[in-house]
Amino acid sequence: PNSHCRCAHKFCINDSPFKYYRKIGLFHSTDAEVSTRRKTFAEVQTERLEQAERTILIKCPPKINEKKLLQYLSSHGKINSHFFFENRGIHALIEFSEKNSIASLQDVIGIPSATEHHVVPFKSRLFIFTLKNPVGQAAAETPIHLSPQSHIPVKDLIQKLCGAESISSQMYTLLNEYQLTEENIKLRFLACSLVRDFARAYFPDSVVKPFGSSVNTFGKLGCDVDMFLDFHKTGKHTTKMKKGPFEMEYQMKRLPSERLATQKILSVIGDCLDNFGPGCVSVQKILNARCPLVKFSHQPTGFQCDLSVSNSIAIKSSELLYIYGCLDSRVRALVFSIRCWARIHGLTNSVPGAWITNFSLTMMIMFFLQKRSPPIIPTLDQLRELADKEDQHIIGGYDCSFVSDFSKINPTKNTETLDVLLCDFFEYFGNFDFRKNSINLRKGKEVNKPESSPLYIWNPFEQDLNISKNVNQPQLEKFVALARESAWILQKEDKTLRMVNKEPWGLAALLIPFGKSNPNKIKNRMKGIGSETIKSLLDSLKKLDS
Ligand code: CTP
Ligand code: MG
């Protein structure tokens, strides 16, 4: 693997954003990288949701003949793309080019004969493929390629990082290992589309869309799928009707609050998933939360899912982060590295609590990037100034307008390396006056805290909300202490010495729990690093000397 690019590019071309944008389908064509326009957030969402509607998932036997399976399925229509992955057995995701191919396939598919159990006759897009005569039917000669759906273990990551040439290249390596793949993104949209099939039974116009880290360019392999039920098509209907000389409206059930309606809808959809959803397990209705939701585990895709109802502001936050993530390749590399650092040191946690969330941490990183001189990303107020008519959105009385077309945003003149940015991030927040100041991305400036929460980060759209209200003083202090220690390590460490001592350096040194800063302890922890890596470290040192 070439993580040692010596080219003169600002960032290694092997890790270039172009490769990523192509991977996640942001470019229209594959070859004309320069002339193509990046798709807006809404365009990517629409395209991916439509793709997912034409997609099915098949559980396959352990030895599967790829060619024969595809041949069989092709009799129902052209297949656009497919891949295999392992998740309690081999699965194939098949994307047809026409939606009606699925109907054609469903027509000839059998219903399982229930001997021990009774089946619920809900016909989904999840199938099981079996061989009638497993011995007689020739298995695949060439083993199928399985697309990985999880990232490498931290131990292996650290080993890889030790072989990189600079902190910057370590950060791009981490990004490449952790970021969502094209296949994983398809699977996420499929999970949403399968939930939509249930919602549609009640609300034919509804759509289930992913938001949060699945779509904001900051998701890592293995992160949850946040999805929400959107009824906006029904909204469109209302505006259309008002144009005529008459007014007609639906008779609809009236409830005292939107919250109650949300709770009722989620309760029913949650029951549906629980009772009839193939592979939907551990369904939990959390309807009394500030934002009511249904949590469930979707076994066929392997995702933990959080379903809520039209969270328009949350989707705007996702779009804002998407824009920031696409503007400059350093943004995502910095976020992935800091999120990984925070997770390893126990600053973030997968269960809710008084700790900093990935969302808050990402906002802090965006704020830091706004504060660079010259800034690496614009403030939200600047993005709002660039908004055109179609970008105007007022949601619940809050102005959520900002530009959606990237080409209107001037590229940054800042040329700082990631080595500098990582170290300065730790130094900046290690010395931030959290007692007095709050973090405001709309202005890109510290402002006096409006109330006494230990950490105050303004919700960029709902300006009266603190997105880090949950964080308590000890957690904030832990963050500050770890940031200071990390800045110290990066400033003081002698890379050459660390390499000679076979110790992890740079980002790798920050991804090992600091313990009592006993070097022997660190060495013991690093026993897992193979002699090959050490040899290559020494080799690269020799090159430095010559
Ligand atoms: N959100 C918000 N305000 C909060 C928490 C969350 O607006 N206080 C919205 C954000 O749009 C966020 C989304 O809800 O992206 C999902 O929240 P969460 O799953 O906590 O964060 P993710 O960004 O998805 O990150 P993770 O990888 O940790 O899931
Ligand atoms: Mg999430």
# chains A, B, ... in the order shown; residues from 1 in each chain; ligands from 1
>>> select_by_dssp(residues="segment 263-360 of chain A", states="helix (DSSP H, G or I)", output="ChimeraX atom specification")
/A:263-276,312-327,329-344,358-360
>>> residues_near_ligand(ligand="ligand 1", cutoff="8 Å", atoms="only C-alpha atoms and all ligand atoms", output="ChimeraX atom specification")
/A:211-214,216,218-220,223-226,313-318,350,357-360,459,466-469
>>> atom_distance(atom1="atom CA of Leu441 of chain A", atom2="atom CA of Thr417 of chain A")
22.5 Å
>>> residues_around(residues="segment 179-189 of chain A", least_positions_apart="2", cutoff="7 Å", atoms="only C-alpha atoms", output="list in words")
Lys23, Ile24, Arg48, Leu49, Ala52, Gln149, Leu175, Asn176, Glu177, Ala191, Cys192, Ser193, Pro210, Gly219, Lys220, Leu221, Val225 and Thr301 of chain A
>>> write_last_selection(atoms="C-alpha atoms", output="JSON list (two decimals), in the first residue's frame")
[["chain", "number", "residue", "atom", "x", "y", "z"],
["A", 23, "LYS", "CA", -15.98, 6.92, -4.26],
["A", 24, "ILE", "CA", -18.98, 8.52, -2.66],
["A", 48, "ARG", "CA", -28.71, 7.53, -3.38],
["A", 49, "LEU", "CA", -32.31, 7.16, -2.14],
["A", 52, "ALA", "CA", -31.66, 2.15, -2.81],
["A", 149, "GLN", "CA", -17.83, -3.33, 6.42],
["A", 175, "LEU", "CA", -8.95, 8.60, 7.17],
["A", 176, "ASN", "CA", -8.60, 5.97, 4.44],
["A", 177, "GLU", "CA", -8.92, 3.11, 6.90],
["A", 191, "ALA", "CA", -31.51, 0.09, 5.41],
["A", 192, "CYS", "CA", -33.45, 3.39, 5.22],
["A", 193, "SER", "CA", -35.27, 2.27, 2.10],
["A", 210, "PRO", "CA", -30.42, 9.09, 6.63],
["A", 219, "GLY", "CA", -18.98, 8.81, 9.44],
["A", 220, "LYS", "CA", -16.61, 5.98, 10.19],
["A", 221, "LEU", "CA", -17.23, 2.33, 9.36],
["A", 225, "VAL", "CA", -27.48, 4.89, 11.03],
["A", 301, "THR", "CA", -27.28, -5.03, 7.06]]
>>> residues_around(residues="Asn448 of chain A", least_positions_apart="3", cutoff="8 Å", atoms="only C-alpha atoms", output="list in words")
Lys436, Asn437 and Ser438 of chain A
>>> write_last_selection(atoms="C-alpha atoms", output="short mmCIF file (atom, residue, chain, number, x, y, z; two decimals), in the first residue's frame")
data_model
loop_
_atom_site.label_atom_id
_atom_site.label_comp_id
_atom_site.auth_asym_id
_atom_site.auth_seq_id
_atom_site.Cartn_x
_atom_site.Cartn_y
_atom_site.Cartn_z
CA LYS A 436 -16.03 32.68 30.08
CA ASN A 437 -16.44 31.80 26.40
CA SER A 438 -18.78 29.79 24.23
#
>>> residues_around(residues="Leu57 of chain A", least_positions_apart="4", cutoff="8 Å", atoms="only C-alpha atoms", output="list in words")
His91, Ala92, Leu93, Ile94, Arg125, Leu126, Phe127 and Pro300 of chain A
>>> write_last_selection(atoms="all heavy atoms", output="PDB file, in the first residue's frame")
ATOM      1  N   HIS A  91     -23.615 -12.164   2.230  1.00  0.00           N
ATOM      2  CA  HIS A  91     -24.762 -11.456   1.660  1.00  0.00           C
ATOM      3  C   HIS A  91     -24.355 -10.804   0.354  1.00  0.00           C
ATOM      4  O   HIS A  91     -23.199 -10.423   0.186  1.00  0.00           O
ATOM      5  CB  HIS A  91     -25.250 -10.369   2.612  1.00  0.00           C
ATOM      6  CG  HIS A  91     -26.006 -10.893   3.776  1.00  0.00           C
ATOM      7  ND1 HIS A  91     -25.393 -11.532   4.824  1.00  0.00           N
ATOM      8  CD2 HIS A  91     -27.333 -10.868   4.061  1.00  0.00           C
ATOM      9  CE1 HIS A  91     -26.308 -11.887   5.705  1.00  0.00           C
ATOM     10  NE2 HIS A  91     -27.502 -11.500   5.266  1.00  0.00           N
ATOM     11  N   ALA A  92     -25.324 -10.668  -0.547  1.00  0.00           N
ATOM     12  CA  ALA A  92     -25.071  -9.945  -1.790  1.00  0.00           C
ATOM     13  C   ALA A  92     -26.031  -8.774  -1.864  1.00  0.00           C
ATOM     14  O   ALA A  92     -27.234  -8.933  -1.648  1.00  0.00           O
ATOM     15  CB  ALA A  92     -25.287 -10.874  -2.982  1.00  0.00           C
ATOM     16  N   LEU A  93     -25.480  -7.593  -2.132  1.00  0.00           N
ATOM     17  CA  LEU A  93     -26.337  -6.439  -2.400  1.00  0.00           C
ATOM     18  C   LEU A  93     -26.394  -6.297  -3.908  1.00  0.00           C
ATOM     19  O   LEU A  93     -25.356  -6.283  -4.579  1.00  0.00           O
ATOM     20  CB  LEU A  93     -25.769  -5.175  -1.750  1.00  0.00           C
ATOM     21  CG  LEU A  93     -26.580  -3.884  -1.992  1.00  0.00           C
ATOM     22  CD1 LEU A  93     -26.540  -2.989  -0.755  1.00  0.00           C
ATOM     23  CD2 LEU A  93     -26.059  -3.098  -3.191  1.00  0.00           C
ATOM     24  N   ILE A  94     -27.588  -6.269  -4.446  1.00  0.00           N
ATOM     25  CA  ILE A  94     -27.766  -6.196  -5.901  1.00  0.00           C
ATOM     26  C   ILE A  94     -28.565  -4.937  -6.234  1.00  0.00           C
ATOM     27  O   ILE A  94     -29.680  -4.762  -5.726  1.00  0.00           O
ATOM     28  CB  ILE A  94     -28.564  -7.417  -6.436  1.00  0.00           C
ATOM     29  CG1 ILE A  94     -28.011  -8.729  -5.881  1.00  0.00           C
ATOM     30  CG2 ILE A  94     -28.670  -7.401  -7.958  1.00  0.00           C
ATOM     31  CD1 ILE A  94     -26.786  -9.264  -6.539  1.00  0.00           C
ATOM     32  N   ARG A 125     -37.624  -6.851   0.557  1.00  0.00           N
ATOM     33  CA  ARG A 125     -36.591  -6.998  -0.475  1.00  0.00           C
ATOM     34  C   ARG A 125     -35.371  -7.735   0.065  1.00  0.00           C
ATOM     35  O   ARG A 125     -34.264  -7.556  -0.406  1.00  0.00           O
ATOM     36  CB  ARG A 125     -36.209  -5.618  -1.003  1.00  0.00           C
ATOM     37  CG  ARG A 125     -37.249  -5.062  -1.960  1.00  0.00           C
ATOM     38  CD  ARG A 125     -36.869  -3.706  -2.444  1.00  0.00           C
ATOM     39  NE  ARG A 125     -37.205  -2.673  -1.495  1.00  0.00           N
ATOM     40  CZ  ARG A 125     -36.479  -1.585  -1.287  1.00  0.00           C
ATOM     41  NH1 ARG A 125     -35.361  -1.412  -1.946  1.00  0.00           N
ATOM     42  NH2 ARG A 125     -36.862  -0.684  -0.405  1.00  0.00           N
ATOM     43  N   LEU A 126     -35.627  -8.540   1.107  1.00  0.00           N
ATOM     44  CA  LEU A 126     -34.564  -9.374   1.674  1.00  0.00           C
ATOM     45  C   LEU A 126     -34.876 -10.819   1.317  1.00  0.00           C
ATOM     46  O   LEU A 126     -35.972 -11.299   1.618  1.00  0.00           O
ATOM     47  CB  LEU A 126     -34.538  -9.218   3.190  1.00  0.00           C
ATOM     48  CG  LEU A 126     -34.274  -7.815   3.727  1.00  0.00           C
ATOM     49  CD1 LEU A 126     -34.634  -7.745   5.205  1.00  0.00           C
ATOM     50  CD2 LEU A 126     -32.820  -7.457   3.511  1.00  0.00           C
ATOM     51  N   PHE A 127     -33.933 -11.485   0.686  1.00  0.00           N
ATOM     52  CA  PHE A 127     -34.187 -12.853   0.227  1.00  0.00           C
ATOM     53  C   PHE A 127     -33.108 -13.814   0.731  1.00  0.00           C
ATOM     54  O   PHE A 127     -32.039 -13.398   1.143  1.00  0.00           O
ATOM     55  CB  PHE A 127     -34.211 -12.898  -1.304  1.00  0.00           C
ATOM     56  CG  PHE A 127     -35.120 -11.861  -1.928  1.00  0.00           C
ATOM     57  CD1 PHE A 127     -34.604 -10.899  -2.785  1.00  0.00           C
ATOM     58  CD2 PHE A 127     -36.482 -11.838  -1.653  1.00  0.00           C
ATOM     59  CE1 PHE A 127     -35.428  -9.937  -3.366  1.00  0.00           C
ATOM     60  CE2 PHE A 127     -37.315 -10.876  -2.222  1.00  0.00           C
ATOM     61  CZ  PHE A 127     -36.782  -9.927  -3.084  1.00  0.00           C
ATOM     62  N   PRO A 300     -29.847  -7.906   8.910  1.00  0.00           N
ATOM     63  CA  PRO A 300     -29.366  -8.190   7.551  1.00  0.00           C
ATOM     64  C   PRO A 300     -28.257  -7.247   7.082  1.00  0.00           C
ATOM     65  O   PRO A 300     -27.329  -7.664   6.391  1.00  0.00           O
ATOM     66  CB  PRO A 300     -30.618  -8.030   6.687  1.00  0.00           C
ATOM     67  CG  PRO A 300     -31.772  -8.192   7.639  1.00  0.00           C
ATOM     68  CD  PRO A 300     -31.297  -7.678   8.947  1.00  0.00           C
TER      69      PRO A 300
END
>>> residues_around(residues="segment 110-114 of chain A", least_positions_apart="5", cutoff="10 Å", atoms="only C-alpha atoms", output="count of residues only")
7
>>> residues_around(residues="Arg384 of chain A", least_positions_apart="5", cutoff="8 Å", atoms="only C-alpha atoms", output="list in words")
Ser401, Phe402 and Val403 of chain A
>>> write_last_selection(atoms="N, CA, C and O atoms", output="mmCIF file, in the first residue's frame")
data_model
loop_
_atom_site.group_PDB
_atom_site.id
_atom_site.type_symbol
_atom_site.label_atom_id
_atom_site.label_comp_id
_atom_site.auth_asym_id
_atom_site.auth_seq_id
_atom_site.Cartn_x
_atom_site.Cartn_y
_atom_site.Cartn_z
ATOM 1 N N SER A 401 -30.837 29.204 6.298
ATOM 2 C CA SER A 401 -30.380 29.395 4.923
ATOM 3 C C SER A 401 -28.857 29.418 4.856
ATOM 4 O O SER A 401 -28.215 30.070 5.665
ATOM 5 N N PHE A 402 -28.326 28.684 3.906
ATOM 6 C CA PHE A 402 -26.910 28.818 3.544
ATOM 7 C C PHE A 402 -26.720 28.230 2.160
ATOM 8 O O PHE A 402 -27.559 27.464 1.676
ATOM 9 N N VAL A 403 -25.635 28.596 1.527
ATOM 10 C CA VAL A 403 -25.396 28.205 0.143
ATOM 11 C C VAL A 403 -25.280 26.672 0.004
ATOM 12 O O VAL A 403 -24.705 26.021 0.877
#
>>> select_by_dssp(residues="segment 220-422 of chain A", states="strand (DSSP E or B)", output="ChimeraX atom specification")
/A:220,225-230,280-286,293-298,303-309,394-395,398-399
>>> write_last_selection(atoms="N, CA, C and O atoms", output="tab-separated table (two decimals), in the first residue's frame")
chain	number	residue	atom	x	y	z
A	220	LYS	N	-17.62	7.03	10.33
A	220	LYS	CA	-16.61	5.98	10.19
A	220	LYS	C	-17.32	4.63	10.09
A	220	LYS	O	-18.47	4.49	10.55
A	225	VAL	N	-26.75	4.20	12.10
A	225	VAL	CA	-27.48	4.89	11.03
A	225	VAL	C	-28.59	5.72	11.70
A	225	VAL	O	-29.49	5.16	12.32
A	226	ASP	N	-28.47	7.05	11.60
A	226	ASP	CA	-29.55	7.91	12.07
A	226	ASP	C	-30.47	8.12	10.88
A	226	ASP	O	-30.01	8.50	9.81
A	227	MET	N	-31.75	7.85	11.06
A	227	MET	CA	-32.69	8.02	9.94
A	227	MET	C	-33.94	8.72	10.42
A	227	MET	O	-34.27	8.66	11.61
A	228	PHE	N	-34.58	9.42	9.53
A	228	PHE	CA	-35.83	10.05	9.95
A	228	PHE	C	-36.90	9.91	8.86
A	228	PHE	O	-36.61	9.77	7.68
A	229	LEU	N	-38.12	9.90	9.36
A	229	LEU	CA	-39.28	9.77	8.50
A	229	LEU	C	-39.67	11.16	8.04
A	229	LEU	O	-39.86	12.06	8.86
A	230	ASP	N	-39.78	11.34	6.75
A	230	ASP	CA	-40.05	12.67	6.21
A	230	ASP	C	-41.38	12.63	5.45
A	230	ASP	O	-41.59	11.79	4.59
A	280	CYS	N	-35.31	-7.32	12.03
A	280	CYS	CA	-35.33	-6.16	12.94
A	280	CYS	C	-35.45	-6.69	14.36
A	280	CYS	O	-36.49	-7.24	14.73
A	281	VAL	N	-34.41	-6.52	15.16
A	281	VAL	CA	-34.44	-7.04	16.53
A	281	VAL	C	-34.11	-5.93	17.52
A	281	VAL	O	-33.65	-4.86	17.13
A	282	SER	N	-34.32	-6.25	18.81
A	282	SER	CA	-34.08	-5.29	19.90
A	282	SER	C	-34.72	-3.94	19.63
A	282	SER	O	-34.07	-2.89	19.78
A	283	VAL	N	-35.98	-3.95	19.21
A	283	VAL	CA	-36.67	-2.69	18.93
A	283	VAL	C	-37.02	-2.02	20.26
A	283	VAL	O	-37.65	-2.62	21.12
A	284	GLN	N	-36.57	-0.78	20.41
A	284	GLN	CA	-36.80	-0.04	21.66
A	284	GLN	C	-37.44	1.28	21.30
A	284	GLN	O	-36.91	2.04	20.50
A	285	LYS	N	-38.62	1.55	21.91
A	285	LYS	CA	-39.26	2.84	21.64
A	285	LYS	C	-38.83	3.79	22.75
A	285	LYS	O	-39.10	3.53	23.91
A	286	ILE	N	-38.17	4.89	22.37
A	286	ILE	CA	-37.76	5.88	23.38
A	286	ILE	C	-38.54	7.15	23.05
A	286	ILE	O	-38.03	8.07	22.43
A	293	LEU	N	-37.59	8.72	19.57
A	293	LEU	CA	-37.00	7.86	18.54
A	293	LEU	C	-37.27	6.39	18.80
A	293	LEU	O	-37.68	6.00	19.89
A	294	VAL	N	-37.08	5.58	17.76
A	294	VAL	CA	-37.14	4.13	17.88
A	294	VAL	C	-35.76	3.60	17.54
A	294	VAL	O	-35.21	3.91	16.49
A	295	LYS	N	-35.19	2.83	18.45
A	295	LYS	CA	-33.85	2.23	18.22
A	295	LYS	C	-34.07	0.78	17.85
A	295	LYS	O	-34.89	0.11	18.44
A	296	PHE	N	-33.34	0.30	16.88
A	296	PHE	CA	-33.40	-1.13	16.59
A	296	PHE	C	-32.12	-1.58	15.91
A	296	PHE	O	-31.34	-0.78	15.40
A	297	SER	N	-31.96	-2.90	15.94
A	297	SER	CA	-30.79	-3.45	15.30
A	297	SER	C	-31.27	-4.13	14.03
A	297	SER	O	-32.21	-4.93	14.07
A	298	HIS	N	-30.67	-3.79	12.91
A	298	HIS	CA	-31.09	-4.37	11.63
A	298	HIS	C	-30.06	-5.43	11.23
A	298	HIS	O	-29.00	-5.13	10.70
A	303	PHE	N	-26.58	-3.01	10.90
A	303	PHE	CA	-26.53	-1.65	11.46
A	303	PHE	C	-27.39	-1.51	12.70
A	303	PHE	O	-28.47	-2.09	12.79
A	304	GLN	N	-26.91	-0.66	13.60
A	304	GLN	CA	-27.72	-0.18	14.72
A	304	GLN	C	-28.41	1.08	14.18
A	304	GLN	O	-27.75	1.96	13.65
A	305	CYS	N	-29.74	1.14	14.27
A	305	CYS	CA	-30.45	2.26	13.66
A	305	CYS	C	-31.22	3.07	14.69
A	305	CYS	O	-31.75	2.52	15.65
A	306	ASP	N	-31.29	4.37	14.46
A	306	ASP	CA	-32.09	5.29	15.27
A	306	ASP	C	-33.08	5.97	14.34
A	306	ASP	O	-32.67	6.72	13.47
A	307	LEU	N	-34.38	5.68	14.53
A	307	LEU	CA	-35.39	6.28	13.65
A	307	LEU	C	-36.12	7.38	14.38
A	307	LEU	O	-36.65	7.18	15.48
A	308	SER	N	-36.18	8.57	13.79
A	308	SER	CA	-36.96	9.67	14.36
A	308	SER	C	-37.87	10.25	13.28
A	308	SER	O	-37.92	9.72	12.17
A	309	VAL	N	-38.58	11.32	13.60
A	309	VAL	CA	-39.51	11.89	12.62
A	309	VAL	C	-39.04	13.28	12.21
A	309	VAL	O	-38.55	14.05	13.04
A	394	ILE	N	-36.54	28.66	6.25
A	394	ILE	CA	-36.85	29.05	7.63
A	394	ILE	C	-37.55	27.85	8.25
A	394	ILE	O	-38.61	27.42	7.77
A	395	ILE	N	-36.94	27.25	9.25
A	395	ILE	CA	-37.53	26.07	9.88
A	395	ILE	C	-37.87	26.38	11.33
A	395	ILE	O	-36.98	26.75	12.10
A	398	TYR	N	-36.53	29.52	12.69
A	398	TYR	CA	-35.08	29.73	12.66
A	398	TYR	C	-34.60	29.83	11.22
A	398	TYR	O	-35.01	29.04	10.36
A	399	ASP	N	-33.69	30.78	10.97
A	399	ASP	CA	-33.14	30.93	9.64
A	399	ASP	C	-32.06	29.86	9.40
A	399	ASP	O	-31.00	29.88	10.03
>>> closest_residue(among="A:Ile152, A:Val351, A:Leu490, A:Leu69", to="ligand 2", atoms="only C-alpha atoms and all ligand atoms")
A:Val351
